[in-house]
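Following: one structure in structure tokens, then a few remarks.
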Amino acid sequence: MKQMNYKSFSIACIVFIFINSFAISCKKEKKIEIVEPTVNLAIDSIVATKTNIVVWEKIKITAYTKGQNLKYLWQADHGSMVGKDSSTVTYWGCYSCTGANTVKCTVSNDYGSVMDTIKITVK
Amino acid sequence: MKNAVAYLIFSIFFLFIESEAYSQCCSAGNPVSGDGQQKSINKNQLRIYWSFKHNYSDQYFFKNKKEDIPFIDNSRFNYSSLQATYGVSKKWNIQTELGYFFDKSQTVEIPEKYVFKGFGIGDLGITTKYQILSLIKPQSELVGSFGVKIPVGKFDQDMDGAMLPISLQPSTGAMKYNIGLYYSRVNLNNKWSFYSFLFAEYSSLIQSDFFYYKYGNYYSLALFGKYKLTNRIYTVLQLRQEFWDKDKRENDEKIESTGSKVTYMAPQILYNFYESWYLLAQADVPLYKYVNGHQLTNKYSFSFGVHKTLNLHKKSSE
């Protein structure tokens, strides 16, 4: 009887461990190493067509950069963006995005990654 | 709390007079799964439950009224989950759940159509349940639960070089802690069963150096009845009230257009097709919805699933 309990407990453990370890193994974090700007890689400035907008108003944000074979990653703490892998994104904020929002641009190539931010206020 | 009770009474009243059905929109994290009854299982039993849920949203609301927002066409998700519950002892069960979003997307017009698409593993749920009270006459039980949701899925998913909005990320990015109290009672003729539960979930701050965001607390209360139609078919009708507090951003500032109060009706059908195999189909129909500020609400959602309880002592039984 005791052996049966161990067996059933083992089966349950296997199912639980399978589900949980699969979940944990799927967690992958992007680690970006930020380097000092050089002539090979730098963000000169980030410019938005407007920095104070109303809900649903769309603006363009552009990163002016130095370097070749650049890859862009745009992030916003609040708001939506369409990038299409370029130096310019279209940004807008919905009703739950009102406030002073941060838009971050990370630019990478073989020399590493650099980043800069811009504040966009949505009212 | 007084307001919550008053609103609940008000909502139940509205169940009978509100003719238009509303629903919940896409939000970060796992949708509610399970058959909702949360009856405990016996020692050394293992219950496996697989489910699939589809949700479609295309309407904006201001408080409890529709409004026209031309920029968003629709928002939808297809989510599948696997849940395992094990009876450690007669009174104590543990449960784990993991799901995958095949498609968590939103179509916008900017002015050309563009589809944001997120996908991937959601949050990992681990819950422990304890049978506080069990009576033979009337056959009833009271179960308490404590659980955590761990953000194992991606929260930094990007598309075409731009990060997806929070609501389209497969994971919430935040640890969540929940407690629940479940009561069930089976009538003597075994035709009717009645269930109810109280559930509350607290979310911690999102674990990110870029975000400062905290989801609002969530509370729900449900009452439902299960009727044995034939030897193999059961029907269930659930009435559920949900409350979401407002989310917070920097400096603990409450975000105006978050948080809601929703009354759901969830009809369900359960089919016992082979020994202890059950097939389940459910629709969640929000009957009345009040949102803070302006929020996206949905049109419909449905789910189906299959569960089996294995008795690990014997070959298999319910």
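Ordering of the structure tokens sets the chain letters (A, B, ...); residue numbers start at 1 within each chain; ligands are numbered from 1 in the order shown.
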Exercise. Near Gly99 (chain B), counting only C-alpha atoms, which residues have an atom at most 6 Å away, once you skip same-chain residues fewer than 2 positions from it, shown as a ChimeraX atom specification?
Worked result: /B:80-81,121-122
Problem set entry | Neighbour list for Lys119 (chain A) as a list in words, cut-off 7 Å, only C-alpha atoms, skip fewer than 5 positions in-chain | Thr51, Ala100, Asn101, Thr102 and Val103 of chain A
Could you please take those selected residues and save N, CA, C and O atoms as an mmCIF file, in the first residue's frame?
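What landed in again.cif:
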data_model
loop_
_atom_site.group_PDB
_atom_site.id
_atom_site.type_symbol
_atom_site.label_atom_id
_atom_site.label_comp_id
_atom_site.auth_asym_id
_atom_site.auth_seq_id
_atom_site.Cartn_x
_atom_site.Cartn_y
_atom_site.Cartn_z
ATOM 1 N N THR A 51 5.793 66.808 -29.074
ATOM 2 C CA THR A 51 6.038 66.090 -27.815
ATOM 3 C C THR A 51 4.849 66.199 -26.849
ATOM 4 O O THR A 51 4.843 65.561 -25.803
ATOM 5 N N ALA A 100 3.132 61.552 -18.827
ATOM 6 C CA ALA A 100 4.442 61.753 -19.466
ATOM 7 C C ALA A 100 5.072 60.386 -19.736
ATOM 8 O O ALA A 100 5.482 59.690 -18.800
ATOM 9 N N ASN A 101 5.104 59.998 -20.995
ATOM 10 C CA ASN A 101 5.561 58.656 -21.363
ATOM 11 C C ASN A 101 6.983 58.687 -21.927
ATOM 12 O O ASN A 101 7.384 59.658 -22.563
ATOM 13 N N THR A 102 7.697 57.612 -21.682
ATOM 14 C CA THR A 102 9.080 57.518 -22.165
ATOM 15 C C THR A 102 9.145 56.607 -23.381
ATOM 16 O O THR A 102 8.644 55.479 -23.337
ATOM 17 N N VAL A 103 9.756 57.102 -24.444
ATOM 18 C CA VAL A 103 10.005 56.274 -25.633
ATOM 19 C C VAL A 103 11.519 56.078 -25.708
ATOM 20 O O VAL A 103 12.281 57.048 -25.672
#
Problem set entry | Residue with smallest distance to Ala48 (chain A) - pool A:Glu33, A:Ser87, A:Asn69, A:Thr98, counting only C-alpha atoms |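 Ranking A:Glu33, A:Ser87, A:Asn69, A:Thr98 by distance to Ala48 (chain A), first place goes to A:Ser87.
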Exercise. Looking only at the backbone, which of the residues in region 155-308 of chain B does DSSP tag as strand (DSSP E or B), as a PyMOL selection string?
Worked result: chain B and resi 158-159+162-163+176-186+192-203+205+214+218-228+233-244+248-249+253-254+260-274+277-283+285-291+294-308
For this session: Can you pull out every residue within 9 Å of region 53-58 of chain A, counting only C-alpha atoms, but drop anything in the same chain fewer than 4 positions away, and send it as a PyMOL selection string?
Result: (chain A and resi 90-95+97-98+120-123) or (chain B and resi 71+110)
Problem set entry | At most 9 Å to chain A: residues in chain B, only C-alpha atoms, as an NGL selection string | :B and (44-46 or 71 or 82-86 or 88 or 95-99 or 110 or 114 or 116 or 121-124 or 126 or 151-156 or 158-166 or 210-213 or 255-258 or 293-295 or 311-313)
Exercise. Nearest to Ser45 (chain A): which of A:Asn109, A:Ile61, A:Gly67, A:Ile32 is it, counting only C-alpha atoms?
Worked result: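 Of A:Asn109, A:Ile61, A:Gly67, A:Ile32, the one nearest Ser45 (chain A), counting only C-alpha atoms, is A:Ile61.
Taking CA of Gly259 (chain B) and CA of Tyr288 (chain B) as the two end points, the separation is 14.3 Å.
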